[in-house]
Amino acid sequence: PQLAQAKTLKVSSAVSCCDRRDPLGVVASIVPFNFPLMVPMWTVPIALVTGNCVVLKPSEKVPLTMHRVAELFKEAGFPDGVFNMVQGTREAVESLIDHEDVKAVTFVGSS
């Protein structure tokens, strides 16, 4: 709940800014092979607690780590469709990035 609350920050004596985290809808998360658990744990929790759904695409080299995480989300009672996982190669990534429902993408890796 604290992440979702708007915060006003004093930038200088005459300037302030408002930090708000509004849900965007669907967030795609493209995960690298070398940190298959650490990297998504930087972004997926924030996306979820701010009211978004996540479609995660793990590296095809190490998919089982995130497959287990998907099972844990289900066991924890997350509704169907809130956390989703797709398997595949570059074509799966391109489909996610190009999909009209995907409003944000998290990516760590190289081309």
# chains A, B, ... in the order shown; residues from 1 in each chain; ligands from 1
$ select_by_dssp --residues "region 22-97 of chain A" --states "alpha helix (DSSP H)" --output "MDAnalysis selection string"
chainID A and resid 38:49 64:75 90:97
$ select_by_dssp --residues "region 11-105 of chain A" --states "strand (DSSP E or B)" --output "number ranges by chain"
A: 16-19, 26-30, 53-57, 83-85, 102-105
$ write_last_selection --atoms "N, CA and C atoms" --output "PDB file, in the first residue's frame"
ATOM      1  N   SER A  16       8.361  21.657  -6.163  1.00  0.00           N
ATOM      2  CA  SER A  16       8.061  20.345  -5.604  1.00  0.00           C
ATOM      3  C   SER A  16       7.561  19.456  -6.737  1.00  0.00           C
ATOM      4  N   CYS A  17       7.619  18.163  -6.523  1.00  0.00           N
ATOM      5  CA  CYS A  17       7.109  17.232  -7.533  1.00  0.00           C
ATOM      6  C   CYS A  17       6.272  16.173  -6.837  1.00  0.00           C
ATOM      7  N   CYS A  18       5.396  15.575  -7.590  1.00  0.00           N
ATOM      8  CA  CYS A  18       4.518  14.534  -7.054  1.00  0.00           C
ATOM      9  C   CYS A  18       4.905  13.205  -7.684  1.00  0.00           C
ATOM     10  N   ASP A  19       5.163  12.226  -6.856  1.00  0.00           N
ATOM     11  CA  ASP A  19       5.518  10.879  -7.292  1.00  0.00           C
ATOM     12  C   ASP A  19       4.291  10.001  -7.088  1.00  0.00           C
ATOM     13  N   VAL A  26      -0.898  -4.093 -18.316  1.00  0.00           N
ATOM     14  CA  VAL A  26      -0.059  -5.279 -18.468  1.00  0.00           C
ATOM     15  C   VAL A  26       1.400  -4.851 -18.595  1.00  0.00           C
ATOM     16  N   VAL A  27       2.248  -5.474 -17.778  1.00  0.00           N
ATOM     17  CA  VAL A  27       3.688  -5.237 -17.822  1.00  0.00           C
ATOM     18  C   VAL A  27       4.359  -6.531 -18.273  1.00  0.00           C
ATOM     19  N   ALA A  28       5.185  -6.439 -19.312  1.00  0.00           N
ATOM     20  CA  ALA A  28       5.969  -7.590 -19.764  1.00  0.00           C
ATOM     21  C   ALA A  28       7.330  -7.534 -19.091  1.00  0.00           C
ATOM     22  N   SER A  29       7.798  -8.676 -18.629  1.00  0.00           N
ATOM     23  CA  SER A  29       9.098  -8.753 -17.967  1.00  0.00           C
ATOM     24  C   SER A  29       9.952  -9.781 -18.699  1.00  0.00           C
ATOM     25  N   ILE A  30      11.047  -9.314 -19.300  1.00  0.00           N
ATOM     26  CA  ILE A  30      11.961 -10.176 -20.046  1.00  0.00           C
ATOM     27  C   ILE A  30      13.168 -10.423 -19.142  1.00  0.00           C
ATOM     28  N   CYS A  53      -0.903  -6.303 -14.075  1.00  0.00           N
ATOM     29  CA  CYS A  53      -0.715  -7.722 -14.344  1.00  0.00           C
ATOM     30  C   CYS A  53       0.645  -7.880 -15.000  1.00  0.00           C
ATOM     31  N   VAL A  54       1.265  -9.033 -14.834  1.00  0.00           N
ATOM     32  CA  VAL A  54       2.605  -9.272 -15.370  1.00  0.00           C
ATOM     33  C   VAL A  54       2.585 -10.490 -16.277  1.00  0.00           C
ATOM     34  N   VAL A  55       3.237 -10.343 -17.435  1.00  0.00           N
ATOM     35  CA  VAL A  55       3.539 -11.477 -18.306  1.00  0.00           C
ATOM     36  C   VAL A  55       5.054 -11.580 -18.330  1.00  0.00           C
ATOM     37  N   LEU A  56       5.569 -12.650 -17.755  1.00  0.00           N
ATOM     38  CA  LEU A  56       7.006 -12.820 -17.635  1.00  0.00           C
ATOM     39  C   LEU A  56       7.495 -13.837 -18.646  1.00  0.00           C
ATOM     40  N   LYS A  57       8.579 -13.501 -19.328  1.00  0.00           N
ATOM     41  CA  LYS A  57       9.211 -14.409 -20.282  1.00  0.00           C
ATOM     42  C   LYS A  57      10.614 -14.705 -19.764  1.00  0.00           C
ATOM     43  N   PHE A  83      -0.406 -12.950 -12.641  1.00  0.00           N
ATOM     44  CA  PHE A  83       0.988 -13.277 -12.957  1.00  0.00           C
ATOM     45  C   PHE A  83       0.976 -14.403 -13.968  1.00  0.00           C
ATOM     46  N   ASN A  84       1.552 -14.142 -15.121  1.00  0.00           N
ATOM     47  CA  ASN A  84       1.545 -15.106 -16.221  1.00  0.00           C
ATOM     48  C   ASN A  84       2.961 -15.318 -16.713  1.00  0.00           C
ATOM     49  N   MET A  85       3.208 -16.501 -17.249  1.00  0.00           N
ATOM     50  CA  MET A  85       4.523 -16.793 -17.786  1.00  0.00           C
ATOM     51  C   MET A  85       4.380 -17.408 -19.164  1.00  0.00           C
ATOM     52  N   VAL A 102       0.223  -4.600 -23.848  1.00  0.00           N
ATOM     53  CA  VAL A 102       1.414  -4.417 -23.015  1.00  0.00           C
ATOM     54  C   VAL A 102       1.756  -2.936 -22.973  1.00  0.00           C
ATOM     55  N   LYS A 103       1.698  -2.361 -21.785  1.00  0.00           N
ATOM     56  CA  LYS A 103       1.909  -0.920 -21.606  1.00  0.00           C
ATOM     57  C   LYS A 103       3.289  -0.574 -21.067  1.00  0.00           C
ATOM     58  N   ALA A 104       4.025  -1.565 -20.556  1.00  0.00           N
ATOM     59  CA  ALA A 104       5.379  -1.329 -20.055  1.00  0.00           C
ATOM     60  C   ALA A 104       6.173  -2.619 -20.200  1.00  0.00           C
ATOM     61  N   VAL A 105       7.483  -2.473 -20.368  1.00  0.00           N
ATOM     62  CA  VAL A 105       8.372  -3.622 -20.522  1.00  0.00           C
ATOM     63  C   VAL A 105       9.562  -3.432 -19.591  1.00  0.00           C
TER      64      VAL A 105
END
$ closest_residue --among "A:Ser13, A:Thr8, A:Ser59, A:Thr50" --to "Pro36 (chain A)" --atoms "only C-alpha atoms"
A:Ser59
$ atom_distance --atom1 "CA of Val49 (chain A)" --atom2 "CA of Leu37 (chain A)"
18.1 Å
$ atom_distance --atom1 "CA of Ala47 (chain A)" --atom2 "CA of Asp80 (chain A)"
15.9 Å
$ closest_residue --among "A:Leu72, A:Val15, A:Val108, A:Leu48" --to "Phe35 (chain A)" --atoms "only C-alpha atoms"
A:Val108
$ closest_residue --among "A:Val86, A:Leu9, A:Leu96, A:Leu24" --to "Glu60 (chain A)" --atoms "only C-alpha atoms"
A:Val86
$ atom_distance --atom1 "CA of Val39 (chain A)" --atom2 "CA of Pro58 (chain A)"
10.5 Å
